[in-house]
Structures are given as C-alpha cells and as structure tokens.
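**Q** Next comes the structure file start23.cif, holding mmCIF, C-alpha atoms.
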```cif
data_start
loop_
_atom_site.group_PDB
_atom_site.id
_atom_site.type_symbol
_atom_site.label_atom_id
_atom_site.label_comp_id
_atom_site.auth_asym_id
_atom_site.auth_seq_id
_atom_site.Cartn_x
_atom_site.Cartn_y
_atom_site.Cartn_z
ATOM 1 C CA MET A 299 -31.329 230.115 20.030
ATOM 2 C CA MET A 300 -28.377 229.018 22.143
ATOM 3 C CA ARG A 301 -27.703 225.309 22.280
ATOM 4 C CA VAL A 302 -26.074 223.554 25.207
ATOM 5 C CA GLU A 303 -22.919 222.995 23.138
ATOM 6 C CA ASP A 304 -22.547 226.769 22.543
ATOM 7 C CA LYS A 305 -22.018 227.634 26.212
ATOM 8 C CA PRO A 306 -18.435 228.464 27.171
ATOM 9 C CA LYS A 307 -16.665 225.809 29.183
ATOM 10 C CA LEU A 308 -15.690 226.503 32.781
ATOM 11 C CA LEU A 309 -12.029 226.461 33.655
ATOM 12 C CA PRO A 310 -10.892 223.434 35.635
ATOM 13 C CA PRO A 311 -9.995 224.203 39.265
ATOM 14 C CA SER A 312 -6.270 223.854 38.585
ATOM 15 C CA MET A 313 -6.402 226.761 36.104
ATOM 16 C CA ARG A 314 -8.590 229.109 38.154
ATOM 17 C CA GLU A 315 -7.221 231.953 40.247
ATOM 18 C CA ARG A 316 -6.894 230.895 43.902
ATOM 19 C CA GLU A 317 -9.076 232.805 46.342
ATOM 20 C CA ARG A 318 -8.703 233.886 49.953
ATOM 21 C CA TYR A 319 -11.223 235.254 52.422
ATOM 22 C CA ILE A 320 -10.368 238.319 54.499
ATOM 23 C CA VAL A 321 -12.376 238.575 57.728
ATOM 24 C CA PHE A 322 -12.705 242.124 59.028
ATOM 25 C CA GLU A 323 -14.399 244.059 61.802
ATOM 26 C CA VAL A 324 -15.638 247.654 61.629
ATOM 27 C CA ILE A 325 -15.254 249.667 64.830
ATOM 28 C CA SER A 326 -17.696 252.582 65.065
ATOM 29 C CA LYS A 327 -20.076 254.238 67.480
ATOM 30 C CA GLY A 328 -23.013 254.458 65.089
ATOM 31 C CA ASP A 329 -24.743 252.184 62.622
ATOM 32 C CA PHE A 330 -24.544 252.081 58.832
ATOM 33 C CA SER A 331 -26.076 249.980 56.084
ATOM 34 C CA TYR A 332 -24.512 247.180 54.064
ATOM 35 C CA ASP A 333 -24.769 249.330 50.929
ATOM 36 C CA GLU A 334 -22.827 252.171 52.569
ATOM 37 C CA LEU A 335 -20.135 249.701 53.642
ATOM 38 C CA SER A 336 -19.887 248.191 50.166
ATOM 39 C CA ARG A 337 -19.729 251.617 48.527
ATOM 40 C CA SER A 338 -17.028 252.770 50.936
ATOM 41 C CA ILE A 339 -14.890 249.662 50.324
ATOM 42 C CA TRP A 340 -15.140 250.086 46.553
ATOM 43 C CA PHE A 341 -14.412 253.834 46.556
ATOM 44 C CA THR A 342 -11.389 253.407 48.811
ATOM 45 C CA THR A 343 -10.057 250.502 46.755
ATOM 46 C CA LEU A 344 -10.502 252.465 43.526
ATOM 47 C CA ALA A 345 -8.785 255.524 44.996
ATOM 48 C CA PHE A 346 -5.869 253.465 46.338
ATOM 49 C CA LEU A 347 -5.296 250.961 43.519
ATOM 50 C CA GLY A 348 -6.950 252.597 40.509
ATOM 51 C CA GLU A 349 -9.411 250.867 38.200
ATOM 52 C CA LEU A 350 -6.933 248.363 36.816
ATOM 53 C CA GLY A 351 -5.602 247.419 40.250
ATOM 54 C CA ALA A 352 -9.063 247.129 41.802
ATOM 55 C CA SER A 353 -10.370 244.963 38.975
ATOM 56 C CA SER A 354 -7.330 242.661 39.122
ATOM 57 C CA CYS A 355 -7.980 241.948 42.832
ATOM 58 C CA GLY A 356 -11.277 240.163 42.185
ATOM 59 C CA ILE A 357 -12.827 241.500 45.399
ATOM 60 C CA LYS A 358 -16.347 240.653 46.475
ATOM 61 C CA LEU A 359 -17.963 241.553 49.772
ATOM 62 C CA ILE A 360 -20.007 238.491 50.716
ATOM 63 C CA ARG A 361 -23.448 239.808 51.641
ATOM 64 C CA ASN A 362 -24.806 236.904 53.691
ATOM 65 C CA LEU A 363 -21.692 236.866 55.912
ATOM 66 C CA TRP A 364 -22.071 240.526 56.977
ATOM 67 C CA ASP A 365 -23.340 240.706 60.569
ATOM 68 C CA GLU A 366 -24.753 244.131 61.453
ATOM 69 C CA ARG A 367 -24.782 243.351 65.164
ATOM 70 C CA THR A 368 -21.084 242.465 65.496
ATOM 71 C CA LYS A 369 -20.068 244.541 62.439
ATOM 72 C CA ARG A 370 -17.980 241.706 61.046
ATOM 73 C CA GLY A 371 -17.800 240.599 57.442
ATOM 74 C CA VAL A 372 -15.864 238.671 54.817
ATOM 75 C CA ILE A 373 -14.280 239.833 51.562
ATOM 76 C CA ARG A 374 -13.216 237.372 48.876
ATOM 77 C CA CYS A 375 -10.137 238.248 46.793
ATOM 78 C CA PHE A 376 -7.370 236.603 44.791
ATOM 79 C CA HIS A 377 -4.547 235.058 46.832
ATOM 80 C CA ASN A 378 -1.820 237.322 45.444
ATOM 81 C CA LYS A 379 -3.724 240.558 46.213
ATOM 82 C CA ILE A 380 -4.297 240.109 49.959
ATOM 83 C CA GLU A 381 -1.857 242.817 51.065
ATOM 84 C CA GLU A 382 -3.338 245.391 48.667
ATOM 85 C CA ILE A 383 -6.848 244.771 50.001
ATOM 86 C CA ARG A 384 -5.657 244.882 53.624
ATOM 87 C CA SER A 385 -3.991 248.226 52.928
ATOM 88 C CA ALA A 386 -7.104 249.597 51.231
ATOM 89 C CA LEU A 387 -9.293 248.508 54.172
ATOM 90 C CA THR A 388 -7.095 250.338 56.665
ATOM 91 C CA MET A 389 -7.560 253.554 54.679
ATOM 92 C CA ILE A 390 -11.324 253.616 55.215
ATOM 93 C CA ARG A 391 -12.108 256.416 57.666
ATOM 94 C CA LYS A 392 -15.818 257.073 57.047
ATOM 95 C CA ILE A 393 -18.783 254.907 56.157
ATOM 96 C CA GLY A 394 -21.782 257.080 55.445
ATOM 97 C CA ASN A 395 -21.574 259.795 58.103
ATOM 98 C CA GLU A 396 -19.874 257.594 60.702
ATOM 99 C CA ASP A 397 -16.185 257.715 61.605
ATOM 100 C CA VAL A 398 -14.850 254.157 61.522
ATOM 101 C CA ILE A 399 -11.765 252.003 61.903
ATOM 102 C CA VAL A 400 -11.559 248.772 59.896
ATOM 103 C CA HIS A 401 -9.606 246.010 61.625
ATOM 104 C CA VAL A 402 -8.602 242.877 59.698
ATOM 105 C CA LEU A 403 -9.103 239.835 61.922
ATOM 106 C CA GLY A 404 -7.477 237.296 59.625
ATOM 107 C CA VAL A 405 -7.211 235.573 56.264
ATOM 108 C CA THR A 406 -8.441 232.061 55.479
ATOM 109 C CA GLY A 407 -8.602 229.759 52.489
ATOM 110 C CA THR A 408 -12.233 228.685 52.862
ATOM 111 C CA ILE A 409 -15.502 230.247 53.951
ATOM 112 C CA LYS A 410 -16.028 227.418 56.438
ATOM 113 C CA SER A 411 -12.789 228.169 58.281
ATOM 114 C CA ALA A 412 -13.558 231.911 58.218
ATOM 115 C CA LYS A 413 -16.899 231.223 59.905
ATOM 116 C CA ARG A 414 -15.379 228.841 62.439
ATOM 117 C CA LYS A 415 -12.298 230.869 63.405
ATOM 118 C CA PHE A 416 -13.528 234.450 63.283
ATOM 119 C CA LEU A 417 -17.319 234.652 63.067
ATOM 120 C CA GLY A 418 -18.199 232.266 65.886
ATOM 121 C CA HIS A 419 -20.057 229.696 63.763
ATOM 122 C CA TYR A 420 -19.720 226.109 64.892
ATOM 123 C CA TYR A 421 -20.695 222.839 63.267
ATOM 124 C CA LEU A 422 -21.928 219.773 65.114
ATOM 125 C CA ASN A 423 -19.231 217.671 63.418
ATOM 126 C CA ASP A 424 -16.573 219.727 65.237
ATOM 127 C CA PHE A 425 -17.654 218.337 68.601
ATOM 128 C CA GLY A 426 -16.327 214.800 69.016
ATOM 129 C CA GLU A 427 -17.739 212.085 71.198
ATOM 130 C CA ARG A 428 -17.113 212.811 74.855
ATOM 131 C CA ASP A 429 -14.941 210.272 76.581
ATOM 132 C CA GLU A 430 -17.168 208.693 79.199
ATOM 133 C CA GLY A 431 -14.845 207.206 81.732
#
```
How does this structure look as structure tokens?

**A**
Amino acid sequence: MMRVEDKPKLLPPSMRERERYIVFEVISKGDFSYDELSRSIWFTTLAFLGELGASSCGIKLIRNLWDERTKRGVIRCFHNKIEEIRSALTMIRKIGNEDVIVHVLGVTGTIKSAKRKFLGHYYLNDFGERDEG
C-alpha cells in the first residue's frame, strides 16, 4: 500500500523545462480526423528527428484546442526545441489520404495568449469600460 509520503515530489517551477505553444493551421481540400493528424505529426517528427530527438522535444498535440472547422490547433513543446518542431511540421505532406500544407501561425508562452492571438477566443476581461463622453 502506497502512503502519501511515498509519492515522488514534483519539481518546483524554477527547475521545470519551460514550454511554448506552437499554433498551426492545416490547409487542405478534404477533411481528416484528429487521430490521423496526431499520427501524421508523430510519424513525421520521428522520421525527421529520430526517437531520441522526438522524445527530447516534449511535444503534445492539445486535443481540446483542435478545431476541425478552421483546421487550427496547438502543439506544446519545450522552449529550446521550437525550430525542430516547426521544421518537422513543414515536412508533413499527407494526413490520411489528403494532401496538406501545415502553416505555423505563431509561437506563444501561454495557452491563453495562443487562444487570444491566433484562435479567435476572447475573454470579457479584455474589453475595458467604454469611455462615455
């Protein structure tokens, strides 16, 4: 039986690897599933960087930020591996049976700024009081 004291401690934020969020758009004529997109990103990254390089990037495609209508999504990765991931994304030519082009829209430091700048999400706090005068 595992006691509370036996759990490993989390690293403090100052010792963790810094993360960035890459916002991308897929340009294609047809549709494809999230699973096909994820598989294509992983296969291309593995082919380009190898297993060691791909695992050291810490990439994660964030599922709830993938929009099938606009074909835009967000990938999380470590801050020092941004250029490798951007290069791997540009090498994707097919997702499923569809010919595609992957266009990187930008890189941000937080999910909130990725939503606000590139995905068209707005928060009510962003709209200040109107000057009635």

**Q** Applied to this file, what does the PyMOL selection byres ((chain A and resi 336) around 10) return in terms of residues, put as a list in words?

**A** Ser331, Tyr332, Asp333, Glu334, Leu335, Arg337, Ser338, Ile339, Trp340, Phe341, Lys358, Leu359, Ile360, Arg361 and Ile393 of chain A

**Q** Atoms to include: C-alpha atoms. Write the selected residues as a PDB file, keeping the file's coordinate frame.

**A**
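To be explicit, this is the file written out as out02.pdb:
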```pdb
ATOM      1  CA  SER A 331     -26.076 249.980  56.084  1.00  0.00           C
ATOM      2  CA  TYR A 332     -24.512 247.180  54.064  1.00  0.00           C
ATOM      3  CA  ASP A 333     -24.769 249.330  50.929  1.00  0.00           C
ATOM      4  CA  GLU A 334     -22.827 252.171  52.569  1.00  0.00           C
ATOM      5  CA  LEU A 335     -20.135 249.701  53.642  1.00  0.00           C
ATOM      6  CA  ARG A 337     -19.729 251.617  48.527  1.00  0.00           C
ATOM      7  CA  SER A 338     -17.028 252.770  50.936  1.00  0.00           C
ATOM      8  CA  ILE A 339     -14.890 249.662  50.324  1.00  0.00           C
ATOM      9  CA  TRP A 340     -15.140 250.086  46.553  1.00  0.00           C
ATOM     10  CA  PHE A 341     -14.412 253.834  46.556  1.00  0.00           C
ATOM     11  CA  LYS A 358     -16.347 240.653  46.475  1.00  0.00           C
ATOM     12  CA  LEU A 359     -17.963 241.553  49.772  1.00  0.00           C
ATOM     13  CA  ILE A 360     -20.007 238.491  50.716  1.00  0.00           C
ATOM     14  CA  ARG A 361     -23.448 239.808  51.641  1.00  0.00           C
ATOM     15  CA  ILE A 393     -18.783 254.907  56.157  1.00  0.00           C
TER      16      ILE A 393
END
```

**Q** Applied to this file, what does the PyMOL selection byres ((chain A and resi 369) around 9) return in terms of residues, put as a VMD selection string?

**A** chain A and resid 322 to 326 329 364 to 368 370 to 371

**Q** Tell me which of A:Cys375, A:Arg414, A:Leu347, A:Lys392 sits closest to Gly328 (chain A), counting all atoms listed in the file.

**A**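 Ranked by minimum distance to Gly328 (chain A), first place goes to A:Lys392.
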
**Q** Give as an NGL selection string the residues that the PyMOL selection byres ((chain A and resi 378) around 12) matches when applied to the coordinates above.

**A** :A and (315-319 or 351 or 354-357 or 374-377 or 379-384)

**Q** Quick one, how far is CA of Leu344 (chain A) from CA of Ala386 (chain A)?

**A**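 That distance, rounded to one decimal, is 8.9 Å.
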
**Q** In Å, rounded to a single decimal, give me how far CA of Ser353 (chain A) is from CA of Thr388 (chain A).

**A** 18.8 Å

**Q** At what distance in Å, to one decimal, does CA of Leu387 (chain A) lie from CA of Thr343 (chain A)?

**A** 7.7 Å

**Q** I'd like the contact shell of Gly404 (chain A) - 8 Å cut-off, only C-alpha atoms, skipping same-chain residues fewer than 4 positions apart - returned as an MDAnalysis selection string.

**A** chainID A and resid 320:322 416

**Q** A:Gly348, A:Arg314, A:Ser385, A:Leu363: which is nearest Val400 (chain A), counting only C-alpha atoms?

**A**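 Once distances to Val400 (chain A) are computed over only C-alpha atoms, the minimum belongs to A:Ser385.
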
**Q** Of the candidates A:Val372, A:Met313, A:Ile390, A:Leu350, which shows the shortest atom-to-atom distance to Ile409 (chain A), using all atoms listed in the file?

**A**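 Counting all atoms listed in the file, the residue closest to Ile409 (chain A) is A:Val372.
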
**Q** Is there a way to complete region 306-337 of chain A with N, CA and C atoms and then write that out as a compact mmCIF listing (two decimals), in the frame of the given file?

**A**
```txt
# COMPACT_ATOMS: atom_id res chain seq x y z
N PRO A 306 -19.88 228.56 26.92
CA PRO A 306 -18.43 228.46 27.17
C PRO A 306 -18.15 227.47 28.30
N LYS A 307 -17.04 226.79 28.16
CA LYS A 307 -16.66 225.81 29.18
C LYS A 307 -16.06 226.52 30.38
N LEU A 308 -16.30 225.98 31.57
CA LEU A 308 -15.69 226.50 32.78
C LEU A 308 -14.24 226.03 32.86
N LEU A 309 -13.42 226.86 33.45
CA LEU A 309 -12.03 226.46 33.66
C LEU A 309 -11.95 225.38 34.73
N PRO A 310 -11.07 224.42 34.56
CA PRO A 310 -10.89 223.43 35.64
C PRO A 310 -10.27 224.12 36.85
N PRO A 311 -10.50 223.57 38.04
CA PRO A 311 -9.99 224.20 39.26
C PRO A 311 -8.50 224.47 39.26
N SER A 312 -7.72 223.65 38.60
CA SER A 312 -6.27 223.85 38.58
C SER A 312 -5.85 225.09 37.79
N MET A 313 -6.73 225.59 36.92
CA MET A 313 -6.40 226.76 36.10
C MET A 313 -7.04 228.05 36.63
N ARG A 314 -7.92 227.93 37.61
CA ARG A 314 -8.59 229.11 38.15
C ARG A 314 -7.67 229.85 39.11
N GLU A 315 -7.96 231.13 39.28
CA GLU A 315 -7.22 231.95 40.25
C GLU A 315 -7.60 231.49 41.66
N ARG A 316 -6.61 231.32 42.53
CA ARG A 316 -6.89 230.90 43.90
C ARG A 316 -7.48 232.07 44.68
N GLU A 317 -8.39 231.76 45.58
CA GLU A 317 -9.08 232.80 46.34
C GLU A 317 -8.77 232.69 47.83
N ARG A 318 -8.83 233.82 48.50
CA ARG A 318 -8.70 233.89 49.95
C ARG A 318 -9.85 234.72 50.49
N TYR A 319 -10.12 234.55 51.77
CA TYR A 319 -11.22 235.25 52.42
C TYR A 319 -10.65 236.08 53.57
N ILE A 320 -10.86 237.39 53.48
CA ILE A 320 -10.37 238.32 54.50
C ILE A 320 -11.52 238.63 55.44
N VAL A 321 -11.35 238.30 56.72
CA VAL A 321 -12.38 238.58 57.73
C VAL A 321 -12.01 239.89 58.40
N PHE A 322 -12.98 240.81 58.47
CA PHE A 322 -12.70 242.12 59.03
C PHE A 322 -13.80 242.53 60.00
N GLU A 323 -13.47 243.51 60.82
CA GLU A 323 -14.40 244.06 61.80
C GLU A 323 -14.37 245.58 61.67
N VAL A 324 -15.55 246.20 61.70
CA VAL A 324 -15.64 247.65 61.63
C VAL A 324 -15.92 248.17 63.03
N ILE A 325 -15.08 249.08 63.50
CA ILE A 325 -15.25 249.67 64.83
C ILE A 325 -15.84 251.06 64.64
N SER A 326 -17.04 251.27 65.17
CA SER A 326 -17.70 252.58 65.06
C SER A 326 -18.71 252.73 66.19
N LYS A 327 -19.07 253.97 66.45
CA LYS A 327 -20.08 254.24 67.48
C LYS A 327 -21.49 254.10 66.93
N GLY A 328 -21.68 254.48 65.68
CA GLY A 328 -23.01 254.46 65.09
C GLY A 328 -23.21 253.28 64.15
N ASP A 329 -24.39 253.25 63.55
CA ASP A 329 -24.74 252.18 62.62
C ASP A 329 -24.68 252.70 61.19
N PHE A 330 -24.56 251.76 60.25
CA PHE A 330 -24.54 252.08 58.83
C PHE A 330 -25.09 250.87 58.09
N SER A 331 -25.47 251.07 56.85
CA SER A 331 -26.08 249.98 56.08
C SER A 331 -25.00 249.18 55.34
N TYR A 332 -25.40 248.02 54.86
CA TYR A 332 -24.51 247.18 54.06
C TYR A 332 -24.11 247.91 52.79
N ASP A 333 -25.06 248.61 52.17
CA ASP A 333 -24.77 249.33 50.93
C ASP A 333 -23.74 250.43 51.15
N GLU A 334 -23.82 251.14 52.27
CA GLU A 334 -22.83 252.17 52.57
C GLU A 334 -21.45 251.55 52.77
N LEU A 335 -21.40 250.40 53.44
CA LEU A 335 -20.14 249.70 53.64
C LEU A 335 -19.54 249.28 52.31
N SER A 336 -20.35 248.66 51.47
CA SER A 336 -19.89 248.19 50.17
C SER A 336 -19.38 249.35 49.31
N ARG A 337 -20.12 250.43 49.29
CA ARG A 337 -19.73 251.62 48.53
C ARG A 337 -18.40 252.18 49.04
```
